[in-house]
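Trainee: To start, I am sharing the structure in question, which I have written as C-alpha coordinates.
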Amino acid sequence: DSGVTQTPKHLITATGQRVTLRCSPRSGDLSVYWYQQSLDQGLQFLIQYYNGEERAKGNILERFSAQQFPDLHSELNLSSLELGDSALYFCASSETSRTGELFFGEGSRLTVL
Amino acid sequence: AQSVSQHNHHVILSEAASLELGCNYSYGGTVNLFWYVQYPGQHLQLLLKYFSGDPLVKGIKGFEAEFIKSKFSFNLRKPSVQWSDTAEYFCAVKNSNSGYALNFGKGTSLLVTP
(Lines give C-alpha, C1' and ligand atoms only; values in the text may rest on other atoms or scores of the structure.)
Protein backbone atom coordinates (compact mmCIF):
# COMPACT_ATOMS: atom_id res chain seq x y z
CA ASP A 1 0.00 0.00 0.00
CA SER A 2 1.59 3.26 -1.18
CA GLY A 3 -0.64 5.51 0.91
CA VAL A 4 -2.05 7.22 -2.18
CA THR A 5 -5.78 6.69 -2.60
CA GLN A 6 -7.65 7.02 -5.86
CA THR A 7 -11.37 6.83 -6.52
CA PRO A 8 -13.17 5.45 -8.35
CA LYS A 9 -11.21 2.33 -9.29
CA HIS A 10 -13.33 1.71 -12.36
CA LEU A 11 -15.54 4.02 -14.36
CA ILE A 12 -17.57 3.37 -17.49
CA THR A 13 -19.16 6.27 -19.30
CA ALA A 14 -20.26 7.41 -22.74
CA THR A 15 -18.68 9.72 -25.26
CA GLY A 16 -19.37 13.38 -24.63
CA GLN A 17 -19.71 12.93 -20.89
CA ARG A 18 -17.68 14.44 -18.08
CA VAL A 19 -16.05 12.59 -15.18
CA THR A 20 -14.04 13.52 -12.11
CA LEU A 21 -11.26 11.40 -10.71
CA ARG A 22 -10.15 11.95 -7.15
CA CYS A 23 -6.79 11.47 -5.46
CA SER A 24 -5.71 11.68 -1.83
CA PRO A 25 -1.92 11.90 -1.50
CA ARG A 26 0.20 10.30 1.18
CA SER A 27 0.05 12.05 4.50
CA GLY A 28 2.49 14.97 4.43
CA ASP A 29 3.07 14.96 0.68
CA LEU A 30 2.54 18.37 -0.87
CA SER A 31 3.03 17.46 -4.52
CA VAL A 32 0.49 15.59 -6.64
CA TYR A 33 1.01 14.32 -10.17
CA TRP A 34 -1.46 12.91 -12.70
CA TYR A 35 -0.48 10.39 -15.34
CA GLN A 36 -2.38 8.66 -18.14
CA GLN A 37 -1.41 5.12 -19.07
CA SER A 38 -2.55 3.67 -22.37
CA LEU A 39 -1.28 0.76 -24.43
CA ASP A 40 -0.03 2.86 -27.32
CA GLN A 41 1.29 5.93 -25.46
CA GLY A 42 2.66 4.35 -22.31
CA LEU A 43 2.77 6.52 -19.18
CA GLN A 44 2.15 10.13 -20.08
CA PHE A 45 2.62 12.93 -17.58
CA LEU A 46 -0.42 15.19 -17.50
CA ILE A 47 -0.02 17.77 -14.74
CA GLN A 48 1.60 18.45 -11.38
CA TYR A 49 0.40 20.48 -8.41
CA TYR A 50 2.40 21.58 -5.42
CA ASN A 51 0.65 22.84 -2.31
CA GLY A 52 -2.36 23.97 -4.29
CA GLU A 53 -0.58 25.56 -7.21
CA GLU A 54 0.04 24.19 -10.68
CA ARG A 55 3.75 23.44 -10.98
CA ALA A 56 4.23 21.67 -14.29
CA LYS A 57 2.15 20.75 -17.30
CA GLY A 58 2.68 17.83 -19.61
CA ASN A 59 0.58 16.39 -22.40
CA ILE A 60 -2.73 17.41 -20.93
CA LEU A 61 -5.59 18.10 -23.33
CA GLU A 62 -7.60 21.30 -23.07
CA ARG A 63 -10.66 19.15 -22.32
CA PHE A 64 -8.91 18.02 -19.14
CA SER A 65 -8.33 20.10 -16.04
CA ALA A 66 -7.16 19.51 -12.52
CA GLN A 67 -6.92 21.23 -9.20
CA GLN A 68 -5.46 20.65 -5.76
CA PHE A 69 -7.52 21.67 -2.78
CA PRO A 70 -6.39 23.15 0.58
CA ASP A 71 -6.53 19.70 2.17
CA LEU A 72 -4.10 18.62 -0.59
CA HIS A 73 -6.40 16.16 -2.31
CA SER A 74 -6.62 16.57 -6.04
CA GLU A 75 -9.23 16.08 -8.72
CA LEU A 76 -8.77 15.47 -12.43
CA ASN A 77 -11.72 16.53 -14.55
CA LEU A 78 -12.16 14.99 -17.98
CA SER A 79 -14.83 16.48 -20.21
CA SER A 80 -16.28 15.92 -23.69
CA LEU A 81 -14.94 12.40 -23.43
CA GLU A 82 -13.83 10.53 -26.52
CA LEU A 83 -13.18 6.84 -27.09
CA GLY A 84 -9.46 7.55 -27.08
CA ASP A 85 -9.61 8.83 -23.51
CA SER A 86 -10.12 5.27 -22.29
CA ALA A 87 -7.06 4.60 -20.17
CA LEU A 88 -5.73 4.05 -16.69
CA TYR A 89 -5.26 7.32 -14.84
CA PHE A 90 -2.68 7.30 -12.08
CA CYS A 91 -2.17 9.79 -9.34
CA ALA A 92 1.16 10.01 -7.56
CA SER A 93 2.46 12.11 -4.71
CA SER A 94 5.81 13.17 -3.37
CA GLU A 95 6.99 15.06 -0.34
CA THR A 96 8.55 17.90 -2.29
CA SER A 97 8.27 19.29 -5.77
CA ARG A 98 11.87 18.90 -6.85
CA THR A 99 13.39 15.75 -5.49
CA GLY A 100 12.30 12.44 -4.19
CA GLU A 101 10.51 9.44 -5.53
CA LEU A 102 6.88 9.36 -6.50
CA PHE A 103 4.39 7.12 -4.75
CA PHE A 104 1.62 5.91 -7.00
CA GLY A 105 -1.99 5.07 -6.34
CA GLU A 106 -3.67 2.03 -7.83
CA GLY A 107 -5.21 4.03 -10.65
CA SER A 108 -8.66 4.75 -11.99
CA ARG A 109 -9.59 2.75 -15.07
CA LEU A 110 -11.78 4.82 -17.37
CA THR A 111 -13.69 3.18 -20.18
CA VAL A 112 -15.47 5.42 -22.66
CA LEU A 113 -18.09 3.65 -24.79
CA ALA B 1 13.52 16.43 -27.85
CA GLN B 2 13.87 15.25 -24.28
CA SER B 3 12.98 11.61 -23.97
CA VAL B 4 13.47 8.34 -22.18
CA SER B 5 14.08 5.29 -24.34
CA GLN B 6 13.75 1.69 -23.30
CA HIS B 7 15.25 -0.57 -25.91
CA ASN B 8 13.33 -3.77 -25.32
CA HIS B 9 9.55 -3.75 -25.34
CA HIS B 10 9.08 -7.44 -24.60
CA VAL B 11 11.54 -9.80 -22.97
CA ILE B 12 11.02 -13.49 -22.26
CA LEU B 13 13.46 -15.30 -19.99
CA SER B 14 13.65 -18.62 -18.23
CA GLU B 15 13.97 -18.71 -14.46
CA ALA B 16 17.56 -18.25 -13.28
CA ALA B 17 18.56 -16.39 -16.45
CA SER B 18 20.27 -13.04 -16.11
CA LEU B 19 18.41 -9.85 -16.95
CA GLU B 20 19.53 -6.55 -18.37
CA LEU B 21 17.04 -3.91 -19.47
CA GLY B 22 18.35 -0.89 -21.31
CA CYS B 23 17.40 2.71 -20.63
CA ASN B 24 18.75 5.85 -22.26
CA TYR B 25 17.70 9.43 -21.72
CA SER B 26 18.29 12.66 -23.56
CA TYR B 27 17.97 15.22 -20.76
CA GLY B 28 20.82 17.57 -20.01
CA GLY B 29 21.98 18.77 -16.64
CA THR B 30 21.50 17.06 -13.34
CA VAL B 31 19.13 14.13 -13.47
CA ASN B 32 17.47 11.86 -10.96
CA LEU B 33 16.94 8.36 -12.34
CA PHE B 34 14.43 5.71 -11.34
CA TRP B 35 13.26 2.24 -12.18
CA TYR B 36 9.69 1.37 -11.33
CA VAL B 37 7.96 -1.99 -11.57
CA GLN B 38 4.29 -2.68 -12.20
CA TYR B 39 3.15 -6.19 -11.34
CA PRO B 40 0.00 -7.39 -13.11
CA GLY B 41 -3.01 -5.48 -11.84
CA GLN B 42 -1.02 -3.39 -9.39
CA HIS B 43 0.29 0.15 -9.09
CA LEU B 44 3.81 1.24 -9.87
CA GLN B 45 6.38 0.56 -7.18
CA LEU B 46 9.88 1.91 -6.89
CA LEU B 47 12.66 -0.62 -7.53
CA LEU B 48 15.61 1.71 -7.15
CA LYS B 49 16.74 5.28 -7.67
CA TYR B 50 19.88 7.26 -8.37
CA PHE B 51 20.39 10.83 -7.21
CA SER B 52 24.15 11.13 -6.79
CA GLY B 53 27.24 9.27 -5.57
CA ASP B 54 28.03 5.66 -6.41
CA PRO B 55 26.76 5.07 -9.94
CA LEU B 56 25.98 1.44 -9.11
CA VAL B 57 22.70 1.43 -7.26
CA LYS B 58 21.18 -1.52 -5.49
CA GLY B 59 17.45 -1.82 -5.11
CA ILE B 60 14.87 -4.19 -3.78
CA LYS B 61 14.47 -7.86 -4.76
CA GLY B 62 18.06 -8.21 -5.97
CA PHE B 63 17.84 -5.59 -8.70
CA GLU B 64 20.64 -3.15 -9.44
CA ALA B 65 21.26 -0.42 -11.99
CA GLU B 66 24.32 1.39 -13.25
CA PHE B 67 24.36 5.06 -14.16
CA ILE B 68 26.81 5.78 -16.97
CA LYS B 69 26.81 9.54 -17.45
CA SER B 70 28.85 9.51 -20.66
CA LYS B 71 26.34 7.18 -22.28
CA PHE B 72 23.24 8.80 -20.79
CA SER B 73 22.23 5.33 -19.66
CA PHE B 74 20.74 3.71 -16.59
CA ASN B 75 20.43 -0.02 -17.29
CA LEU B 76 18.64 -2.36 -14.92
CA ARG B 77 20.16 -5.74 -14.08
CA LYS B 78 19.40 -8.84 -12.07
CA PRO B 79 21.74 -11.86 -12.02
CA SER B 80 19.01 -14.49 -11.72
CA VAL B 81 15.35 -13.83 -12.39
CA GLN B 82 12.42 -15.58 -10.78
CA TRP B 83 8.91 -16.27 -12.04
CA SER B 84 7.66 -13.61 -9.63
CA ASP B 85 9.66 -10.97 -11.53
CA THR B 86 7.13 -11.15 -14.35
CA ALA B 87 5.99 -7.54 -14.64
CA GLU B 88 6.27 -4.30 -16.59
CA TYR B 89 9.42 -2.28 -15.90
CA PHE B 90 9.64 1.47 -16.40
CA CYS B 91 12.67 3.69 -16.48
CA ALA B 92 12.05 7.31 -15.47
CA VAL B 93 13.99 10.57 -15.39
CA LYS B 94 13.42 13.67 -13.33
CA ASN B 95 15.23 16.97 -13.82
CA SER B 96 14.76 20.71 -13.88
CA ASN B 97 14.21 20.76 -17.66
CA SER B 98 11.11 18.66 -17.17
CA GLY B 99 9.80 20.84 -14.38
CA TYR B 100 10.72 18.08 -11.93
CA ALA B 101 7.96 15.84 -13.22
CA LEU B 102 8.90 12.21 -13.69
CA ASN B 103 9.12 11.27 -17.36
CA PHE B 104 8.77 7.61 -18.15
CA GLY B 105 9.95 5.36 -20.90
CA LYS B 106 7.34 3.23 -22.65
CA GLY B 107 8.16 0.25 -20.48
CA THR B 108 9.50 -3.26 -20.95
CA SER B 109 7.24 -6.22 -20.42
CA LEU B 110 9.15 -9.09 -18.81
CA LEU B 111 7.81 -12.64 -18.83
CA VAL B 112 9.73 -15.20 -16.81
CA THR B 113 8.89 -18.78 -17.62
CA PRO B 114 9.34 -21.66 -15.16
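Chain labels follow the order of the C-alpha coordinates: the first chain is A, the next B, and so on; residue numbering restarts at 1 in every chain, and ligands are counted from 1 in their shown order.
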Using only C-alpha atoms and a cut-off of 10 Å, which residues of chain A sit close to chain B? Please list them as a ChimeraX atom specification.

Mentor: /A:1-2,32-35,37-48,55-58,90-92,96-107

Trainee: Just to be explicit: take each residue in the selection above, keep N, CA and C atoms, and write the result as a CSV table (one decimal), in the first residue's frame.

Mentor:
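Result file is again_11.csv:
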```
chain,number,residue,atom,x,y,z
A,1,ASP,N,0.8,-1.2,0.0
A,1,ASP,CA,0.0,0.0,0.0
A,1,ASP,C,0.9,1.2,0.0
A,2,SER,N,0.7,2.1,-1.0
A,2,SER,CA,1.6,3.3,-1.2
A,2,SER,C,1.1,4.4,-0.3
A,32,VAL,N,1.3,16.6,-6.0
A,32,VAL,CA,0.5,15.6,-6.6
A,32,VAL,C,0.7,15.6,-8.2
A,33,TYR,N,0.8,14.5,-8.7
A,33,TYR,CA,1.0,14.3,-10.2
A,33,TYR,C,-0.1,13.4,-10.8
A,34,TRP,N,-0.5,13.7,-12.0
A,34,TRP,CA,-1.5,12.9,-12.7
A,34,TRP,C,-0.8,12.4,-14.0
A,35,TYR,N,-1.0,11.1,-14.2
A,35,TYR,CA,-0.5,10.4,-15.3
A,35,TYR,C,-1.6,9.6,-16.0
A,37,GLN,N,-2.1,6.3,-18.5
A,37,GLN,CA,-1.4,5.1,-19.1
A,37,GLN,C,-2.3,4.4,-20.1
A,38,SER,N,-1.8,4.4,-21.3
A,38,SER,CA,-2.5,3.7,-22.4
A,38,SER,C,-1.6,2.7,-23.1
A,39,LEU,N,-2.1,1.8,-23.8
A,39,LEU,CA,-1.3,0.8,-24.4
A,39,LEU,C,-0.3,1.4,-25.5
A,40,ASP,N,-0.9,2.3,-26.2
A,40,ASP,CA,0.0,2.9,-27.3
A,40,ASP,C,0.9,4.0,-26.9
A,41,GLN,N,0.5,4.8,-25.9
A,41,GLN,CA,1.3,5.9,-25.5
A,41,GLN,C,2.1,5.7,-24.2
A,42,GLY,N,1.9,4.6,-23.5
A,42,GLY,CA,2.7,4.3,-22.3
A,42,GLY,C,2.2,5.3,-21.2
A,43,LEU,N,3.1,5.6,-20.3
A,43,LEU,CA,2.8,6.5,-19.2
A,43,LEU,C,3.1,8.0,-19.6
A,44,GLN,N,2.0,8.7,-19.7
A,44,GLN,CA,2.1,10.1,-20.1
A,44,GLN,C,1.9,11.0,-18.9
A,45,PHE,N,2.8,12.0,-18.6
A,45,PHE,CA,2.6,12.9,-17.6
A,45,PHE,C,1.6,14.0,-18.0
A,46,LEU,N,0.6,14.2,-17.2
A,46,LEU,CA,-0.4,15.2,-17.5
A,46,LEU,C,-0.2,16.5,-16.8
A,47,ILE,N,-0.1,16.5,-15.5
A,47,ILE,CA,0.0,17.8,-14.7
A,47,ILE,C,0.5,17.5,-13.3
A,48,GLN,N,1.1,18.5,-12.7
A,48,GLN,CA,1.6,18.5,-11.4
A,48,GLN,C,1.1,19.7,-10.6
A,55,ARG,N,2.3,23.3,-10.9
A,55,ARG,CA,3.8,23.4,-11.0
A,55,ARG,C,4.3,23.1,-12.3
A,56,ALA,N,3.7,22.1,-13.0
A,56,ALA,CA,4.2,21.7,-14.3
A,56,ALA,C,3.1,21.1,-15.1
A,57,LYS,N,3.2,21.3,-16.4
A,57,LYS,CA,2.1,20.7,-17.3
A,57,LYS,C,2.8,19.9,-18.3
A,58,GLY,N,2.2,18.7,-18.6
A,58,GLY,CA,2.7,17.8,-19.6
A,58,GLY,C,1.7,17.8,-20.8
A,90,PHE,N,-3.4,7.4,-13.4
A,90,PHE,CA,-2.7,7.3,-12.1
A,90,PHE,C,-2.4,8.7,-11.4
A,91,CYS,N,-2.6,8.7,-10.1
A,91,CYS,CA,-2.2,9.8,-9.3
A,91,CYS,C,-0.9,9.4,-8.6
A,92,ALA,N,0.0,10.3,-8.4
A,92,ALA,CA,1.2,10.0,-7.6
A,92,ALA,C,1.4,11.2,-6.7
A,96,THR,N,8.2,16.6,-1.8
A,96,THR,CA,8.5,17.9,-2.3
A,96,THR,C,8.3,18.0,-3.8
A,97,SER,N,8.5,19.1,-4.3
A,97,SER,CA,8.3,19.3,-5.8
A,97,SER,C,9.5,18.9,-6.6
A,98,ARG,N,10.7,19.0,-6.0
A,98,ARG,CA,11.9,18.9,-6.9
A,98,ARG,C,12.5,17.5,-6.8
A,99,THR,N,12.6,17.0,-5.6
A,99,THR,CA,13.4,15.7,-5.5
A,99,THR,C,12.5,14.7,-4.9
A,100,GLY,N,13.0,13.5,-4.8
A,100,GLY,CA,12.3,12.4,-4.2
A,100,GLY,C,11.5,11.6,-5.2
A,101,GLU,N,11.3,10.4,-4.7
A,101,GLU,CA,10.5,9.4,-5.5
A,101,GLU,C,9.0,9.8,-5.5
A,102,LEU,N,8.3,9.2,-6.5
A,102,LEU,CA,6.9,9.4,-6.5
A,102,LEU,C,6.2,8.1,-6.0
A,103,PHE,N,5.2,8.2,-5.3
A,103,PHE,CA,4.4,7.1,-4.8
A,103,PHE,C,3.1,7.1,-5.5
A,104,PHE,N,2.8,6.0,-6.1
A,104,PHE,CA,1.6,5.9,-7.0
A,104,PHE,C,0.4,5.3,-6.3
A,105,GLY,N,-0.8,5.7,-6.7
A,105,GLY,CA,-2.0,5.1,-6.3
A,105,GLY,C,-2.3,3.9,-7.3
A,106,GLU,N,-3.4,3.2,-7.0
A,106,GLU,CA,-3.7,2.0,-7.8
A,106,GLU,C,-4.4,2.4,-9.2
A,107,GLY,N,-4.7,3.6,-9.4
A,107,GLY,CA,-5.2,4.0,-10.6
A,107,GLY,C,-6.7,4.0,-10.7
```

Trainee: Give me, as a PyMOL selection string, all polymer residues having an atom no more than 12 Å from B:Lys58, counting only C-alpha atoms and skipping those fewer than 3 positions away in the same chain.

Mentor: chain B and resi 34-35+46-50+54-55+61-67+75-78

Trainee: In Å, how far is it from atom CA of A:Ser27 to atom CA of A:Ser93?

Mentor: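 The value is 9.5 Å.
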
Trainee: With distances taken over only C-alpha atoms, which residue among B:Tyr27, B:Trp83, B:Tyr89, B:Tyr39 lies nearest B:Lys71?

Mentor: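 Answer, going by the shortest atom-to-atom distance: B:Tyr27.
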
Trainee: Env of A:Ser108: 8 Å cut, atoms = only C-alpha atoms, seq-sep filter 2 positions within chain, self excluded. Answer as a ChimeraX atom specification.

Mentor: /A:6-11,21,88-90,106,110

Trainee: From chain A, collect each residue whose DSSP state is strand (DSSP E) and return the set as number ranges by chain.

Mentor: A: 5-7, 10-13, 19-24, 31-38, 42-50, 53-57, 64-68, 74-78, 87-94, 103-104, 108-112

Trainee: Need to verify the contact set: A:Ser24, 7 Å, only C-alpha atoms, exclusion of same-chain residues closer than 5 positions in sequence. Can you return it as a PyMOL selection string?

Mentor: chain A and resi 4-6+73-74

Trainee: Using only C-alpha atoms, pick whichever of B:Ser5, B:Ser80, B:Ser70, B:Thr86 has the shortest atom-to-atom distance to B:Glu20.

Mentor: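 Closest to B:Glu20 of all the choices is B:Ser80.
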
Trainee: Find the distance between atom CA of B:Val81 and atom CA of B:Leu110 and write it in Å to one decimal.

Mentor: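 Answer for the atom CA of B:Val81 to atom CA of B:Leu110 separation: 10.1 Å.
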
Trainee: Can you work out the spacing between atom CA of B:Leu56 and atom CA of B:Lys69 in Å, to one decimal?

Mentor: 11.7 Å

Trainee: Quick one: residues within 7 Å of A:Asn77, only C-alpha atoms counted, chain neighbours fewer than 5 positions away excluded, as a list in words?

Mentor: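 The neighbour list is Val19, Thr20, Leu21, Phe64, Ser65 and Ala66 of chain A.
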
Trainee: Show me, as a PDB file with all heavy atoms, in the first residue's frame, the residues that have an atom within 8 Å of B:Ser73 when counting only C-alpha atoms, minus same-chain residues fewer than 5 positions from it.

Mentor:
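Written output follows (part.pdb):
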```
ATOM      1  N   GLY B  22      17.679  -2.129 -20.955  1.00  0.00           N
ATOM      2  CA  GLY B  22      18.354  -0.889 -21.306  1.00  0.00           C
ATOM      3  C   GLY B  22      17.464   0.329 -21.133  1.00  0.00           C
ATOM      4  O   GLY B  22      16.253   0.282 -21.329  1.00  0.00           O
ATOM      5  N   CYS B  23      18.094   1.437 -20.754  1.00  0.00           N
ATOM      6  CA  CYS B  23      17.397   2.707 -20.629  1.00  0.00           C
ATOM      7  C   CYS B  23      18.365   3.825 -20.996  1.00  0.00           C
ATOM      8  O   CYS B  23      19.455   3.909 -20.420  1.00  0.00           O
ATOM      9  CB  CYS B  23      16.886   2.913 -19.212  1.00  0.00           C
ATOM     10  SG  CYS B  23      16.169   4.561 -18.916  1.00  0.00           S
ATOM     11  N   ASN B  24      17.973   4.671 -21.915  1.00  0.00           N
ATOM     12  CA  ASN B  24      18.754   5.847 -22.263  1.00  0.00           C
ATOM     13  C   ASN B  24      17.860   7.082 -22.172  1.00  0.00           C
ATOM     14  O   ASN B  24      16.667   7.001 -22.423  1.00  0.00           O
ATOM     15  CB  ASN B  24      19.312   5.738 -23.682  1.00  0.00           C
ATOM     16  CG  ASN B  24      20.471   4.771 -23.757  1.00  0.00           C
ATOM     17  OD1 ASN B  24      20.278   3.588 -24.001  1.00  0.00           O
ATOM     18  ND2 ASN B  24      21.671   5.268 -23.524  1.00  0.00           N
ATOM     19  N   TYR B  25      18.463   8.195 -21.832  1.00  0.00           N
ATOM     20  CA  TYR B  25      17.696   9.429 -21.723  1.00  0.00           C
ATOM     21  C   TYR B  25      18.430  10.532 -22.471  1.00  0.00           C
ATOM     22  O   TYR B  25      19.632  10.447 -22.736  1.00  0.00           O
ATOM     23  CB  TYR B  25      17.494   9.815 -20.247  1.00  0.00           C
ATOM     24  CG  TYR B  25      18.787  10.078 -19.519  1.00  0.00           C
ATOM     25  CD1 TYR B  25      19.314  11.352 -19.432  1.00  0.00           C
ATOM     26  CD2 TYR B  25      19.491   9.027 -18.929  1.00  0.00           C
ATOM     27  CE1 TYR B  25      20.504  11.583 -18.784  1.00  0.00           C
ATOM     28  CE2 TYR B  25      20.681   9.255 -18.282  1.00  0.00           C
ATOM     29  CZ  TYR B  25      21.187  10.531 -18.211  1.00  0.00           C
ATOM     30  OH  TYR B  25      22.378  10.761 -17.570  1.00  0.00           O
ATOM     31  N   GLU B  66      23.085   0.636 -13.140  1.00  0.00           N
ATOM     32  CA  GLU B  66      24.321   1.394 -13.253  1.00  0.00           C
ATOM     33  C   GLU B  66      24.089   2.647 -14.069  1.00  0.00           C
ATOM     34  O   GLU B  66      23.596   2.582 -15.201  1.00  0.00           O
ATOM     35  CB  GLU B  66      25.422   0.555 -13.894  1.00  0.00           C
ATOM     36  CG  GLU B  66      26.763   1.281 -13.919  1.00  0.00           C
ATOM     37  CD  GLU B  66      27.892   0.425 -14.447  1.00  0.00           C
ATOM     38  OE1 GLU B  66      27.602  -0.653 -15.010  1.00  0.00           O
ATOM     39  OE2 GLU B  66      29.059   0.834 -14.303  1.00  0.00           O
ATOM     40  N   PHE B  67      24.446   3.765 -13.484  1.00  0.00           N
ATOM     41  CA  PHE B  67      24.359   5.060 -14.165  1.00  0.00           C
ATOM     42  C   PHE B  67      25.678   5.309 -14.876  1.00  0.00           C
ATOM     43  O   PHE B  67      26.734   5.369 -14.241  1.00  0.00           O
ATOM     44  CB  PHE B  67      24.083   6.169 -13.142  1.00  0.00           C
ATOM     45  CG  PHE B  67      24.201   7.571 -13.673  1.00  0.00           C
ATOM     46  CD1 PHE B  67      23.520   7.946 -14.813  1.00  0.00           C
ATOM     47  CD2 PHE B  67      24.983   8.515 -13.014  1.00  0.00           C
ATOM     48  CE1 PHE B  67      23.616   9.244 -15.303  1.00  0.00           C
ATOM     49  CE2 PHE B  67      25.088   9.814 -13.494  1.00  0.00           C
ATOM     50  CZ  PHE B  67      24.405  10.184 -14.641  1.00  0.00           C
ATOM     51  N   ILE B  68      25.625   5.444 -16.199  1.00  0.00           N
ATOM     52  CA  ILE B  68      26.810   5.784 -16.974  1.00  0.00           C
ATOM     53  C   ILE B  68      26.537   7.136 -17.620  1.00  0.00           C
ATOM     54  O   ILE B  68      25.830   7.229 -18.637  1.00  0.00           O
ATOM     55  CB  ILE B  68      27.141   4.709 -18.032  1.00  0.00           C
ATOM     56  CG1 ILE B  68      27.320   3.358 -17.354  1.00  0.00           C
ATOM     57  CG2 ILE B  68      28.414   5.106 -18.791  1.00  0.00           C
ATOM     58  CD1 ILE B  68      27.629   2.217 -18.321  1.00  0.00           C
TER      59      ILE B  68
END
```
